[in-house]
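Text of the file structure.pdb, holding PDB, C-alpha atoms, pLDDT in the B column:
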```pdb
MODEL        1
ATOM      1  CA  ASN A  64     259.349 -36.140  50.404  1.00 66.00           C
ATOM      2  CA  ALA A  65     260.357 -39.827  50.274  1.00 78.00           C
ATOM      3  CA  GLY A  66     259.633 -40.430  46.574  1.00 94.00           C
ATOM      4  CA  VAL A  67     259.004 -44.109  45.805  1.00 97.00           C
ATOM      5  CA  THR A  68     259.441 -46.537  48.686  1.00 97.00           C
ATOM      6  CA  GLN A  69     259.749 -50.275  48.179  1.00 98.00           C
ATOM      7  CA  THR A  70     259.727 -52.970  50.818  1.00 97.00           C
ATOM      8  CA  PRO A  71     261.311 -55.358  51.504  1.00 97.00           C
ATOM      9  CA  LYS A  72     264.777 -54.680  50.087  1.00 97.00           C
ATOM     10  CA  PHE A  73     265.738 -58.349  50.089  1.00 97.00           C
ATOM     11  CA  ARG A  74     263.760 -61.570  50.324  1.00 97.00           C
ATOM     12  CA  ILE A  75     264.403 -65.281  49.902  1.00 97.00           C
ATOM     13  CA  LEU A  76     261.368 -67.385  49.014  1.00 97.00           C
ATOM     14  CA  LYS A  77     260.946 -71.111  48.699  1.00 97.00           C
ATOM     15  CA  ILE A  78     259.396 -72.525  45.547  1.00 98.00           C
ATOM     16  CA  GLY A  79     255.608 -72.384  45.799  1.00 97.00           C
ATOM     17  CA  GLN A  80     255.481 -69.666  48.460  1.00 97.00           C
ATOM     18  CA  SER A  81     253.679 -66.384  47.906  1.00 96.00           C
ATOM     19  CA  MET A  82     254.553 -62.829  48.812  1.00 97.00           C
ATOM     20  CA  THR A  83     253.630 -59.224  48.192  1.00 98.00           C
ATOM     21  CA  LEU A  84     256.142 -56.584  47.202  1.00 98.00           C
ATOM     22  CA  GLN A  85     255.058 -53.222  48.542  1.00 98.00           C
ATOM     23  CA  CYS A  86     255.375 -49.941  46.675  1.00 98.00           C
ATOM     24  CA  THR A  87     254.178 -46.538  47.805  1.00 98.00           C
ATOM     25  CA  GLN A  88     254.791 -43.038  46.461  1.00 97.00           C
ATOM     26  CA  ASP A  89     254.087 -39.664  48.028  1.00 95.00           C
ATOM     27  CA  MET A  90     254.312 -37.492  44.901  1.00 93.00           C
ATOM     28  CA  ASN A  91     250.644 -37.828  43.907  1.00 92.00           C
ATOM     29  CA  HIS A  92     251.661 -39.505  40.650  1.00 92.00           C
ATOM     30  CA  ASN A  93     248.862 -41.162  38.711  1.00 91.00           C
ATOM     31  CA  TYR A  94     251.082 -43.514  36.730  1.00 93.00           C
ATOM     32  CA  MET A  95     252.823 -46.420  38.420  1.00 96.00           C
ATOM     33  CA  TYR A  96     254.827 -49.341  37.060  1.00 96.00           C
ATOM     34  CA  TRP A  97     256.455 -52.589  38.060  1.00 98.00           C
ATOM     35  CA  TYR A  98     259.605 -53.699  36.260  1.00 97.00           C
ATOM     36  CA  ARG A  99     261.886 -56.651  36.729  1.00 97.00           C
ATOM     37  CA  GLN A 100     265.573 -56.503  35.932  1.00 97.00           C
ATOM     38  CA  ASP A 101     267.652 -59.552  35.125  1.00 94.00           C
ATOM     39  CA  PRO A 102     271.423 -59.296  34.538  1.00 83.00           C
ATOM     40  CA  GLY A 103     272.191 -57.911  31.079  1.00 78.00           C
ATOM     41  CA  MET A 104     268.521 -57.881  30.106  1.00 82.00           C
ATOM     42  CA  GLY A 105     267.430 -54.350  30.882  1.00 88.00           C
ATOM     43  CA  LEU A 106     264.068 -53.645  32.470  1.00 95.00           C
ATOM     44  CA  LYS A 107     260.945 -55.533  31.518  1.00 94.00           C
ATOM     45  CA  LEU A 108     257.493 -54.194  32.339  1.00 94.00           C
ATOM     46  CA  ILE A 109     255.326 -56.518  34.430  1.00 97.00           C
ATOM     47  CA  TYR A 110     252.220 -54.427  35.151  1.00 97.00           C
ATOM     48  CA  TYR A 111     251.301 -50.773  35.129  1.00 95.00           C
ATOM     49  CA  SER A 112     248.523 -48.508  36.329  1.00 95.00           C
ATOM     50  CA  VAL A 113     247.298 -45.174  34.999  1.00 92.00           C
ATOM     51  CA  GLY A 114     245.304 -44.367  38.117  1.00 92.00           C
ATOM     52  CA  ALA A 115     243.525 -45.784  41.136  1.00 94.00           C
ATOM     53  CA  GLY A 116     241.379 -48.751  40.157  1.00 94.00           C
ATOM     54  CA  ILE A 117     243.002 -49.176  36.728  1.00 94.00           C
ATOM     55  CA  THR A 118     245.711 -51.721  35.983  1.00 96.00           C
ATOM     56  CA  ASP A 119     246.984 -53.409  32.856  1.00 94.00           C
ATOM     57  CA  LYS A 120     249.459 -56.067  31.816  1.00 95.00           C
ATOM     58  CA  GLY A 121     252.919 -55.284  30.576  1.00 93.00           C
ATOM     59  CA  GLU A 122     255.370 -57.445  28.715  1.00 91.00           C
ATOM     60  CA  VAL A 123     255.881 -60.226  31.330  1.00 95.00           C
ATOM     61  CA  PRO A 124     252.764 -60.442  33.577  1.00 97.00           C
ATOM     62  CA  ASN A 125     252.542 -64.230  34.038  1.00 96.00           C
ATOM     63  CA  GLY A 126     252.898 -65.315  37.666  1.00 96.00           C
ATOM     64  CA  TYR A 127     252.129 -61.844  39.045  1.00 98.00           C
ATOM     65  CA  ASN A 128     249.120 -59.815  40.092  1.00 97.00           C
ATOM     66  CA  VAL A 129     248.628 -56.189  41.072  1.00 98.00           C
ATOM     67  CA  SER A 130     246.023 -53.939  42.591  1.00 96.00           C
ATOM     68  CA  ARG A 131     245.692 -50.150  42.803  1.00 97.00           C
ATOM     69  CA  SER A 132     243.158 -49.209  45.427  1.00 97.00           C
ATOM     70  CA  THR A 133     244.753 -45.832  46.171  1.00 96.00           C
ATOM     71  CA  THR A 134     246.884 -43.342  44.241  1.00 95.00           C
ATOM     72  CA  GLU A 135     249.797 -43.945  46.618  1.00 97.00           C
ATOM     73  CA  ASP A 136     250.052 -47.743  46.700  1.00 98.00           C
ATOM     74  CA  PHE A 137     250.750 -50.301  43.986  1.00 98.00           C
ATOM     75  CA  PRO A 138     251.581 -53.710  45.485  1.00 98.00           C
ATOM     76  CA  LEU A 139     252.846 -56.607  43.369  1.00 98.00           C
ATOM     77  CA  ARG A 140     251.721 -60.092  44.331  1.00 98.00           C
ATOM     78  CA  LEU A 141     253.685 -63.240  43.500  1.00 96.00           C
ATOM     79  CA  GLU A 142     251.664 -66.431  43.688  1.00 90.00           C
ATOM     80  CA  LEU A 143     253.420 -69.824  43.711  1.00 94.00           C
ATOM     81  CA  ALA A 144     256.965 -68.491  43.425  1.00 96.00           C
ATOM     82  CA  ALA A 145     259.230 -70.138  40.848  1.00 97.00           C
ATOM     83  CA  PRO A 146     263.025 -69.928  40.337  1.00 96.00           C
ATOM     84  CA  SER A 147     262.385 -67.970  37.112  1.00 96.00           C
ATOM     85  CA  GLN A 148     261.064 -65.137  39.280  1.00 97.00           C
ATOM     86  CA  THR A 149     264.462 -64.613  40.876  1.00 97.00           C
ATOM     87  CA  SER A 150     265.199 -61.037  39.911  1.00 97.00           C
ATOM     88  CA  VAL A 151     265.436 -57.443  41.059  1.00 98.00           C
ATOM     89  CA  TYR A 152     262.052 -55.740  41.069  1.00 98.00           C
ATOM     90  CA  PHE A 153     261.673 -52.004  40.627  1.00 98.00           C
ATOM     91  CA  CYS A 154     258.577 -49.941  41.182  1.00 98.00           C
ATOM     92  CA  ALA A 155     258.366 -46.575  39.414  1.00 97.00           C
ATOM     93  CA  SER A 156     255.955 -43.689  39.183  1.00 95.00           C
ATOM     94  CA  SER A 157     255.419 -40.759  36.866  1.00 92.00           C
ATOM     95  CA  PHE A 158     253.326 -37.599  36.909  1.00 84.00           C
ATOM     96  CA  LEU A 159     252.449 -37.273  33.230  1.00 74.00           C
ATOM     97  CA  PRO A 160     254.761 -39.509  31.193  1.00 65.00           C
ATOM     98  CA  GLY A 161     255.881 -38.135  27.858  1.00 63.00           C
ATOM     99  CA  LYS A 162     254.545 -34.684  28.586  1.00 66.00           C
ATOM    100  CA  THR A 163     257.011 -33.518  31.207  1.00 65.00           C
ATOM    101  CA  ASN A 164     260.751 -33.593  31.626  1.00 71.00           C
ATOM    102  CA  TYR A 165     260.692 -35.472  34.909  1.00 73.00           C
ATOM    103  CA  GLY A 166     260.736 -39.038  33.680  1.00 89.00           C
ATOM    104  CA  TYR A 167     260.071 -41.978  35.919  1.00 93.00           C
ATOM    105  CA  THR A 168     261.023 -41.978  39.602  1.00 95.00           C
ATOM    106  CA  PHE A 169     262.220 -45.409  40.641  1.00 97.00           C
ATOM    107  CA  GLY A 170     262.249 -47.030  44.042  1.00 98.00           C
ATOM    108  CA  SER A 171     265.436 -48.604  45.377  1.00 98.00           C
ATOM    109  CA  GLY A 172     264.326 -52.095  44.376  1.00 97.00           C
ATOM    110  CA  THR A 173     263.574 -55.485  45.929  1.00 97.00           C
ATOM    111  CA  ARG A 174     266.096 -58.263  45.364  1.00 97.00           C
ATOM    112  CA  LEU A 175     264.166 -61.543  45.333  1.00 97.00           C
ATOM    113  CA  THR A 176     265.666 -65.018  45.297  1.00 97.00           C
ATOM    114  CA  VAL A 177     263.491 -68.109  44.868  1.00 97.00           C
ATOM    115  CA  VAL A 178     265.105 -71.373  45.962  1.00 96.00           C
TER     116      VAL A 178
ATOM    117  CA  GLY B 128     255.885 -55.263  19.701  1.00 73.00           C
ATOM    118  CA  GLN B 129     258.180 -52.305  20.041  1.00 79.00           C
ATOM    119  CA  GLN B 130     261.868 -53.103  20.458  1.00 89.00           C
ATOM    120  CA  VAL B 131     264.648 -50.819  21.604  1.00 94.00           C
ATOM    121  CA  MET B 132     268.193 -51.929  20.870  1.00 95.00           C
ATOM    122  CA  GLN B 133     271.235 -50.411  22.491  1.00 97.00           C
ATOM    123  CA  ILE B 134     274.920 -50.766  21.660  1.00 97.00           C
ATOM    124  CA  PRO B 135     277.500 -51.432  22.827  1.00 97.00           C
ATOM    125  CA  GLN B 136     276.582 -53.715  25.706  1.00 95.00           C
ATOM    126  CA  TYR B 137     279.828 -52.913  27.523  1.00 96.00           C
ATOM    127  CA  GLN B 138     282.429 -50.169  27.207  1.00 97.00           C
ATOM    128  CA  HIS B 139     285.625 -49.814  29.170  1.00 97.00           C
ATOM    129  CA  VAL B 140     287.539 -46.540  28.875  1.00 97.00           C
ATOM    130  CA  GLN B 141     290.477 -44.781  30.434  1.00 98.00           C
ATOM    131  CA  GLU B 142     289.572 -41.756  32.493  1.00 98.00           C
ATOM    132  CA  GLY B 143     289.539 -38.729  30.226  1.00 98.00           C
ATOM    133  CA  GLU B 144     288.454 -40.640  27.103  1.00 98.00           C
ATOM    134  CA  ASP B 145     285.112 -40.020  25.445  1.00 98.00           C
ATOM    135  CA  PHE B 146     282.205 -42.479  25.459  1.00 97.00           C
ATOM    136  CA  THR B 147     279.153 -42.919  23.247  1.00 98.00           C
ATOM    137  CA  THR B 148     276.179 -45.264  23.462  1.00 98.00           C
ATOM    138  CA  TYR B 149     273.611 -45.679  20.701  1.00 98.00           C
ATOM    139  CA  CYS B 150     269.953 -46.532  20.812  1.00 98.00           C
ATOM    140  CA  ASN B 151     267.691 -47.703  17.965  1.00 97.00           C
ATOM    141  CA  SER B 152     263.963 -48.315  17.993  1.00 95.00           C
ATOM    142  CA  SER B 153     261.966 -50.576  15.703  1.00 92.00           C
ATOM    143  CA  THR B 154     259.173 -47.970  15.653  1.00 92.00           C
ATOM    144  CA  THR B 155     258.947 -44.188  15.557  1.00 93.00           C
ATOM    145  CA  LEU B 156     259.054 -42.746  19.046  1.00 93.00           C
ATOM    146  CA  SER B 157     257.076 -39.884  20.532  1.00 90.00           C
ATOM    147  CA  ASN B 158     259.883 -39.318  23.006  1.00 91.00           C
ATOM    148  CA  ILE B 159     263.021 -40.986  24.293  1.00 94.00           C
ATOM    149  CA  GLN B 160     264.426 -40.870  27.792  1.00 95.00           C
ATOM    150  CA  TRP B 161     267.837 -41.677  29.217  1.00 97.00           C
ATOM    151  CA  TYR B 162     268.562 -43.148  32.635  1.00 97.00           C
ATOM    152  CA  LYS B 163     271.697 -43.924  34.609  1.00 98.00           C
ATOM    153  CA  GLN B 164     271.981 -46.803  37.048  1.00 97.00           C
ATOM    154  CA  ARG B 165     274.971 -46.974  39.352  1.00 97.00           C
ATOM    155  CA  PRO B 166     276.147 -50.474  40.346  1.00 93.00           C
ATOM    156  CA  GLY B 167     273.723 -51.834  42.960  1.00 93.00           C
ATOM    157  CA  GLY B 168     271.440 -48.841  42.547  1.00 96.00           C
ATOM    158  CA  HIS B 169     268.245 -47.944  40.795  1.00 97.00           C
ATOM    159  CA  PRO B 170     267.721 -46.135  37.484  1.00 97.00           C
ATOM    160  CA  VAL B 171     267.813 -42.357  37.733  1.00 97.00           C
ATOM    161  CA  PHE B 172     266.249 -40.131  35.104  1.00 95.00           C
ATOM    162  CA  LEU B 173     268.714 -38.012  33.129  1.00 96.00           C
ATOM    163  CA  ILE B 174     266.793 -36.386  30.290  1.00 95.00           C
ATOM    164  CA  GLN B 175     263.910 -36.576  27.861  1.00 93.00           C
ATOM    165  CA  LEU B 176     264.062 -35.756  24.146  1.00 94.00           C
ATOM    166  CA  VAL B 177     260.883 -35.033  22.230  1.00 92.00           C
ATOM    167  CA  LYS B 178     261.638 -33.164  19.002  1.00 93.00           C
ATOM    168  CA  SER B 179     263.092 -34.546  15.796  1.00 96.00           C
ATOM    169  CA  GLY B 180     266.827 -33.726  15.625  1.00 97.00           C
ATOM    170  CA  GLU B 181     266.854 -32.402  19.174  1.00 96.00           C
ATOM    171  CA  VAL B 182     270.196 -31.996  20.940  1.00 98.00           C
ATOM    172  CA  LYS B 183     270.481 -31.379  24.665  1.00 97.00           C
ATOM    173  CA  LYS B 184     273.527 -30.950  26.860  1.00 97.00           C
ATOM    174  CA  GLN B 185     274.121 -31.527  30.537  1.00 96.00           C
ATOM    175  CA  LYS B 186     277.667 -30.495  31.402  1.00 97.00           C
ATOM    176  CA  ARG B 187     279.831 -33.219  29.770  1.00 98.00           C
ATOM    177  CA  LEU B 188     276.809 -35.228  28.508  1.00 98.00           C
ATOM    178  CA  THR B 189     275.299 -34.623  25.070  1.00 98.00           C
ATOM    179  CA  PHE B 190     272.050 -36.276  24.030  1.00 98.00           C
ATOM    180  CA  GLN B 191     270.730 -36.452  20.476  1.00 98.00           C
ATOM    181  CA  PHE B 192     267.413 -37.561  18.996  1.00 97.00           C
ATOM    182  CA  GLY B 193     267.471 -38.619  15.364  1.00 97.00           C
ATOM    183  CA  GLU B 194     265.618 -36.841  12.588  1.00 95.00           C
ATOM    184  CA  ALA B 195     263.345 -39.840  12.056  1.00 96.00           C
ATOM    185  CA  LYS B 196     262.776 -40.139  15.813  1.00 95.00           C
ATOM    186  CA  LYS B 197     263.900 -43.775  15.764  1.00 96.00           C
ATOM    187  CA  ASN B 198     267.410 -43.427  17.139  1.00 97.00           C
ATOM    188  CA  SER B 199     269.277 -41.580  19.834  1.00 98.00           C
ATOM    189  CA  SER B 200     272.742 -41.275  21.304  1.00 98.00           C
ATOM    190  CA  LEU B 201     274.427 -40.262  24.527  1.00 98.00           C
ATOM    191  CA  HIS B 202     277.966 -38.920  24.365  1.00 98.00           C
ATOM    192  CA  ILE B 203     280.125 -38.267  27.423  1.00 98.00           C
ATOM    193  CA  THR B 204     283.184 -36.074  26.970  1.00 98.00           C
ATOM    194  CA  ALA B 205     286.276 -36.688  29.083  1.00 98.00           C
ATOM    195  CA  THR B 206     284.882 -39.457  31.251  1.00 98.00           C
ATOM    196  CA  GLN B 207     285.400 -39.452  35.000  1.00 98.00           C
ATOM    197  CA  THR B 208     285.211 -42.306  37.503  1.00 97.00           C
ATOM    198  CA  THR B 209     281.885 -40.890  38.678  1.00 97.00           C
ATOM    199  CA  ASP B 210     280.440 -41.723  35.244  1.00 98.00           C
ATOM    200  CA  VAL B 211     280.622 -45.452  35.979  1.00 98.00           C
ATOM    201  CA  GLY B 212     277.274 -47.214  35.640  1.00 97.00           C
ATOM    202  CA  THR B 213     274.769 -48.561  33.169  1.00 97.00           C
ATOM    203  CA  TYR B 214     273.118 -46.100  30.797  1.00 98.00           C
ATOM    204  CA  PHE B 215     269.663 -47.008  29.525  1.00 97.00           C
ATOM    205  CA  CYS B 216     267.612 -45.475  26.795  1.00 97.00           C
ATOM    206  CA  ALA B 217     263.850 -45.884  26.982  1.00 95.00           C
ATOM    207  CA  GLY B 218     261.370 -45.055  24.281  1.00 92.00           C
ATOM    208  CA  GLU B 219     257.694 -44.297  24.223  1.00 88.00           C
ATOM    209  CA  SER B 220     255.723 -44.697  21.002  1.00 80.00           C
ATOM    210  CA  GLY B 221     252.430 -43.013  20.273  1.00 68.00           C
ATOM    211  CA  GLY B 222     249.491 -44.956  21.607  1.00 66.00           C
ATOM    212  CA  SER B 223     251.635 -46.954  24.033  1.00 60.00           C
ATOM    213  CA  ASN B 224     249.494 -45.941  26.986  1.00 64.00           C
ATOM    214  CA  TYR B 225     252.448 -44.181  28.566  1.00 73.00           C
ATOM    215  CA  LYS B 226     254.658 -47.254  28.724  1.00 83.00           C
ATOM    216  CA  LEU B 227     258.396 -47.002  28.279  1.00 88.00           C
ATOM    217  CA  THR B 228     260.330 -49.758  26.518  1.00 91.00           C
ATOM    218  CA  PHE B 229     263.874 -49.945  27.829  1.00 93.00           C
ATOM    219  CA  GLY B 230     266.993 -50.932  25.958  1.00 94.00           C
ATOM    220  CA  LYS B 231     269.293 -53.469  27.591  1.00 94.00           C
ATOM    221  CA  GLY B 232     271.713 -50.737  28.587  1.00 95.00           C
ATOM    222  CA  THR B 233     275.408 -50.015  28.149  1.00 97.00           C
ATOM    223  CA  LEU B 234     277.672 -50.705  31.115  1.00 96.00           C
ATOM    224  CA  LEU B 235     280.430 -48.121  31.303  1.00 98.00           C
ATOM    225  CA  THR B 236     283.522 -48.768  33.379  1.00 97.00           C
ATOM    226  CA  VAL B 237     286.263 -46.159  33.758  1.00 97.00           C
ATOM    227  CA  ASN B 238     289.864 -46.948  34.573  1.00 95.00           C
ATOM    228  CA  PRO B 239     291.408 -44.139  36.691  1.00 94.00           C
TER     229      PRO B 239
ENDMDL
END
```
Just give me the structure of the file as structure tokens.
Amino acid sequence: NAGVTQTPKFRILKIGQSMTLQCTQDMNHNYMYWYRQDPGMGLKLIYYSVGAGITDKGEVPNGYNVSRSTTEDFPLRLELAAPSQTSVYFCASSFLPGKTNYGYTFGSGTRLTVV
Amino acid sequence: GQQVMQIPQYQHVQEGEDFTTYCNSSTTLSNIQWYKQRPGGHPVFLIQLVKSGEVKKQKRLTFQFGEAKKNSSLHITATQTTDVGTYFCAGESGGSNYKLTFGKGTLLTVNP
């Protein structure tokens, strides 16, 4: 049982390049989330999904896109990378948020630097 | 939108001292969760509080949910060096479509 797996762990992008951050979970969780974490700023929600084929914007969606074709996978796409997107990105999943005592399971994160 | 404020931002203690972090929401919460993030790591779920006035304990950690369900606290008794990390509260309000709003966290450092 691997939990939530994120790849890559580190990446350096040049301004204007694009990339996809991969996230997969093997817990059969319906709910999945992408957060970004900047120093001293906590976690900000980028996009989330309540099930395959359903996605919605979070607090800071500009410059990102997501898709959810399967229950397991929730990739985050960065188009035209900008220095403001330098951050640590966390993917998380949950079985039934608010109704259980299991909380969110987070991946180990992707540290992205845009230069 | 919903805001979750957490204080203090930093706390440095001597090993054996107690530690408390406080969390306040701008809206009434359906539940509040607490997470711990070790330096360089990812957030790890600690606990969820759902009921008004609820108190839960995990060994040296005590979690409280306020009567109005708008505030919460985490208290650690007799800190140890293994307690080092950032503690986040995260609240969910009714009708939020299962989204958690995180506080900015409290970074705890412990001097041995």
Requested in this report: Using the chain letters and numbers from the file, give me the residues hit by the ChimeraX specification (/A :<8) & /B, as number ranges by chain.
Outcome: B: 157-158, 160, 168-172, 174-175, 215, 219, 225, 228-232
Query - Two-atom distance - atom CA of Asn91 of chain A, atom CA of Gln185 of chain B (Å) - result: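 Computed distance, atom CA of Asn91 of chain A to atom CA of Gln185 of chain B, equals 27.7 Å.
Residues lying within 7 Å of Val129 of chain A, counting all atoms listed in the file and ignoring same-chain neighbours fewer than 3 positions away, are Phe137, Pro138, Leu139 and Arg140 of chain A.
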Query raised in the report: Can you list what the PyMOL selection byres ((chain A and resi 67) around 6) grabs from this structure, as a ChimeraX atom specification?
Result: /A:66,68,87-88,170
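Among the candidate residues B:Val237, B:Met132, B:Leu176, B:Leu156, the one lying nearest to Thr206 of chain B is B:Val237, with distances computed using only C-alpha atoms.
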**Report entry** Ser153 of chain B surroundings by all atoms listed in the file, 10 Å radius, close-in-sequence under 6 positions cut, as a PyMOL selection string
**Finding:** chain B and resi 128-132+197-198
Would you save the residues from that selection as a PDB file, keeping the file's coordinate frame, using C-alpha atoms?
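Resulting contents of out-v2.pdb:
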```pdb
ATOM      1  CA  GLY B 128     255.885 -55.263  19.701  1.00 73.00           C
ATOM      2  CA  GLN B 129     258.180 -52.305  20.041  1.00 79.00           C
ATOM      3  CA  GLN B 130     261.868 -53.103  20.458  1.00 89.00           C
ATOM      4  CA  VAL B 131     264.648 -50.819  21.604  1.00 94.00           C
ATOM      5  CA  MET B 132     268.193 -51.929  20.870  1.00 95.00           C
ATOM      6  CA  LYS B 197     263.900 -43.775  15.764  1.00 96.00           C
ATOM      7  CA  ASN B 198     267.410 -43.427  17.139  1.00 97.00           C
TER       8      ASN B 198
END
```
Report task. Could you expand the PyMOL selection byres ((chain A and resi 78) around 12) into the explicit residues it covers here, written as a PyMOL selection string? Result -> chain A and resi 75-77+79-82+141-149+175-178
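In this model, the gap between atom CA of Gly116 of chain A and atom CA of Trp161 of chain B comes to 29.5 Å.
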Query raised in the report: atom CA of Gln69 of chain A and atom CA of Thr208 of chain B are how many Å apart?
Result: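 So the answer is 28.7 Å.
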With N, CA and C atoms as the target, complete segment 135-159 of chain A and hand it back as a compact mmCIF listing (two decimals), keeping the file's coordinate frame.
```txt
# COMPACT_ATOMS: atom_id res chain seq x y z
N GLU A 135 248.46 -43.80 46.04
CA GLU A 135 249.80 -43.94 46.62
C GLU A 135 250.39 -45.35 46.49
N ASP A 136 249.54 -46.38 46.55
CA ASP A 136 250.05 -47.74 46.70
C ASP A 136 249.83 -48.61 45.47
N PHE A 137 250.84 -49.42 45.16
CA PHE A 137 250.75 -50.30 43.99
C PHE A 137 251.50 -51.59 44.31
N PRO A 138 250.89 -52.48 45.10
CA PRO A 138 251.58 -53.71 45.48
C PRO A 138 251.61 -54.74 44.36
N LEU A 139 252.67 -55.53 44.35
CA LEU A 139 252.85 -56.61 43.37
C LEU A 139 252.80 -57.93 44.11
N ARG A 140 251.92 -58.81 43.67
CA ARG A 140 251.72 -60.09 44.33
C ARG A 140 252.33 -61.20 43.50
N LEU A 141 253.16 -62.03 44.14
CA LEU A 141 253.68 -63.24 43.50
C LEU A 141 252.97 -64.45 44.09
N GLU A 142 252.33 -65.20 43.25
CA GLU A 142 251.66 -66.43 43.69
C GLU A 142 252.50 -67.62 43.22
N LEU A 143 252.71 -68.60 44.09
CA LEU A 143 253.42 -69.82 43.71
C LEU A 143 254.78 -69.49 43.09
N ALA A 144 255.67 -68.94 43.91
CA ALA A 144 256.96 -68.49 43.42
C ALA A 144 257.73 -69.60 42.71
N ALA A 145 258.42 -69.22 41.64
CA ALA A 145 259.23 -70.14 40.85
C ALA A 145 260.64 -69.56 40.70
N PRO A 146 261.65 -70.42 40.49
CA PRO A 146 263.02 -69.93 40.34
C PRO A 146 263.17 -68.87 39.24
N SER A 147 262.32 -68.95 38.21
CA SER A 147 262.38 -67.97 37.11
C SER A 147 262.01 -66.56 37.57
N GLN A 148 261.44 -66.44 38.75
CA GLN A 148 261.06 -65.14 39.28
C GLN A 148 262.17 -64.50 40.14
N THR A 149 263.29 -65.20 40.23
CA THR A 149 264.46 -64.61 40.88
C THR A 149 264.91 -63.42 40.04
N SER A 150 264.93 -62.25 40.66
CA SER A 150 265.20 -61.04 39.91
C SER A 150 265.27 -59.85 40.87
N VAL A 151 265.56 -58.69 40.31
CA VAL A 151 265.44 -57.44 41.06
C VAL A 151 264.19 -56.73 40.54
N TYR A 152 263.32 -56.35 41.44
CA TYR A 152 262.05 -55.74 41.07
C TYR A 152 262.08 -54.25 41.42
N PHE A 153 261.72 -53.45 40.42
CA PHE A 153 261.67 -52.00 40.63
C PHE A 153 260.25 -51.50 40.41
N CYS A 154 259.82 -50.67 41.33
CA CYS A 154 258.58 -49.94 41.18
C CYS A 154 258.93 -48.53 40.74
N ALA A 155 258.11 -47.93 39.89
CA ALA A 155 258.37 -46.58 39.41
C ALA A 155 257.05 -45.82 39.31
N SER A 156 257.15 -44.51 39.36
CA SER A 156 255.96 -43.69 39.18
C SER A 156 256.29 -42.50 38.31
N SER A 157 255.24 -41.91 37.74
CA SER A 157 255.42 -40.76 36.87
C SER A 157 254.20 -39.86 36.96
N PHE A 158 254.42 -38.55 36.83
CA PHE A 158 253.33 -37.60 36.91
C PHE A 158 252.50 -37.61 35.62
N LEU A 159 253.13 -37.31 34.52
CA LEU A 159 252.45 -37.27 33.23
C LEU A 159 253.47 -37.70 32.18
```
